[in-house]
Amino acid sequence: MMDQLYREFILDHYKNPRNFGDLETRDAEFHDRNPLCGDEMGVHIKLEGDRIADLRFHGTGCAISQATASIISDELKGKTVAEVAGLDRSFVAEEIGIELSPTRLKCGLLSLKVVQGALLGTDEWPTGTPDEDPDEAEVARLRNEI
């Protein structure tokens with residue numbers, strides 16, 4: 001039952017994304033991609049002092065990557081740069097309500113990666129991302145699911 005609710009929650013954010021588009025005036029931006037499945041995502045961020053005043057994601061990809069960006073977008077507003085620096089895999093899992101499989105983990109973490117890239121100047125995956133990618137057979141299976 002709960003699994004079905006989370007699926008509906010994720011599908012709603014995928015079909016009706018929040019905070020997607022561009023910000024004409026922005027203080028920070030970053031774009032990256034998930035090499036495993038080809039998801040691409042960028043972010044524009046407007047700051048007030050050291051806090052996120054507004055942000056917009058843009059890009060294409062699977063339901064998990066796009067829905068996660070939508071889901072975390074409101075939670076990121078108001079956070080300081082230091083607070084964003086401390087976010088990791090557990091933040092994303094808590095916000096989306098499910099634990100992601102190793103093949104879907106980078107899909108789900110891409111939005112946090114681009115926000116941290118924009119604010120911290122890094123292109124590192126958030127803490128908690130596995131160092132090794134799934135093997136080629138698993139990646140092929142993932143691509144067939146998309």
# chains A, B, ... in the order shown; residues from 1 in each chain; ligands from 1
call {"tool": "select_by_dssp", "arguments": {"residues": "range 17-146 of chain A", "states": "strand (DSSP E)", "output": "number ranges by chain"}}
result
A: 28-33, 40-48, 51-60
call {"tool": "write_last_selection", "arguments": {"atoms": "C-alpha atoms", "output": "mmCIF file, in the first residue's frame"}}
result
data_model
loop_
_atom_site.group_PDB
_atom_site.id
_atom_site.type_symbol
_atom_site.label_atom_id
_atom_site.label_comp_id
_atom_site.auth_asym_id
_atom_site.auth_seq_id
_atom_site.Cartn_x
_atom_site.Cartn_y
_atom_site.Cartn_z
ATOM 1 C CA ALA A 28 24.630 30.324 -9.713
ATOM 2 C CA GLU A 29 24.069 27.610 -12.299
ATOM 3 C CA PHE A 30 25.371 24.169 -13.139
ATOM 4 C CA HIS A 31 24.634 21.399 -15.632
ATOM 5 C CA ASP A 32 25.602 17.737 -15.527
ATOM 6 C CA ARG A 33 24.508 14.309 -16.673
ATOM 7 C CA GLU A 40 20.699 15.511 -18.079
ATOM 8 C CA MET A 41 19.917 18.222 -15.582
ATOM 9 C CA GLY A 42 20.753 21.833 -14.956
ATOM 10 C CA VAL A 43 19.848 24.255 -12.201
ATOM 11 C CA HIS A 44 19.594 28.028 -11.870
ATOM 12 C CA ILE A 45 19.790 29.420 -8.334
ATOM 13 C CA LYS A 46 18.956 32.858 -6.961
ATOM 14 C CA LEU A 47 20.552 33.644 -3.601
ATOM 15 C CA GLU A 48 19.680 36.106 -0.867
ATOM 16 C CA ARG A 51 20.423 31.289 1.339
ATOM 17 C CA ILE A 52 18.633 29.841 -1.664
ATOM 18 C CA ALA A 53 15.823 32.270 -2.460
ATOM 19 C CA ASP A 54 14.657 30.469 -5.596
ATOM 20 C CA LEU A 55 15.776 27.736 -7.954
ATOM 21 C CA ARG A 56 14.685 26.103 -11.176
ATOM 22 C CA PHE A 57 15.721 22.772 -12.604
ATOM 23 C CA HIS A 58 15.745 21.986 -16.315
ATOM 24 C CA GLY A 59 16.654 18.880 -18.258
ATOM 25 C CA THR A 60 15.491 15.522 -19.496
#
call {"tool": "residues_around", "arguments": {"residues": "Ala93 in chain A", "least_positions_apart": "4", "cutoff": "10 Å", "atoms": "only C-alpha atoms", "output": "PyMOL selection string"}}
result
chain A and resi 68+88-89+97-100+105+108-109
call {"tool": "closest_residue", "arguments": {"among": "A:Gly78, A:Glu94, A:Ala85, A:Gly38", "to": "Thr122 in chain A", "atoms": "only C-alpha atoms"}}
result
A:Ala85
call {"tool": "select_by_dssp", "arguments": {"residues": "range 1-98 of chain A", "states": "helix (DSSP H, G or I)", "output": "MDAnalysis selection string"}}
result
chainID A and resid 2:15 63:76 81:85 89:96
call {"tool": "atom_distance", "arguments": {"atom1": "CA of Pro126 in chain A", "atom2": "CA of Asn19 in chain A"}}
result
21.1 Å
call {"tool": "atom_distance", "arguments": {"atom1": "CA of Glu124 in chain A", "atom2": "CA of Pro102 in chain A"}}
result
17.1 Å
call {"tool": "atom_distance", "arguments": {"atom1": "CA of Val84 in chain A", "atom2": "CA of Ser70 in chain A"}}
result
16.2 Å
call {"tool": "closest_residue", "arguments": {"among": "A:Glu24, A:Asn34, A:Ile64, A:Pro17", "to": "Ser101 in chain A", "atoms": "only C-alpha atoms"}}
result
A:Ile64
call {"tool": "closest_residue", "arguments": {"among": "A:Ser90, A:Thr80, A:Gln66, A:Ser111", "to": "Lys15 in chain A", "atoms": "only C-alpha atoms"}}
result
A:Gln66
call {"tool": "closest_residue", "arguments": {"among": "A:Ser73, A:Gln116, A:Thr103, A:Ser65", "to": "Leu87 in chain A", "atoms": "only C-alpha atoms"}}
result
A:Gln116
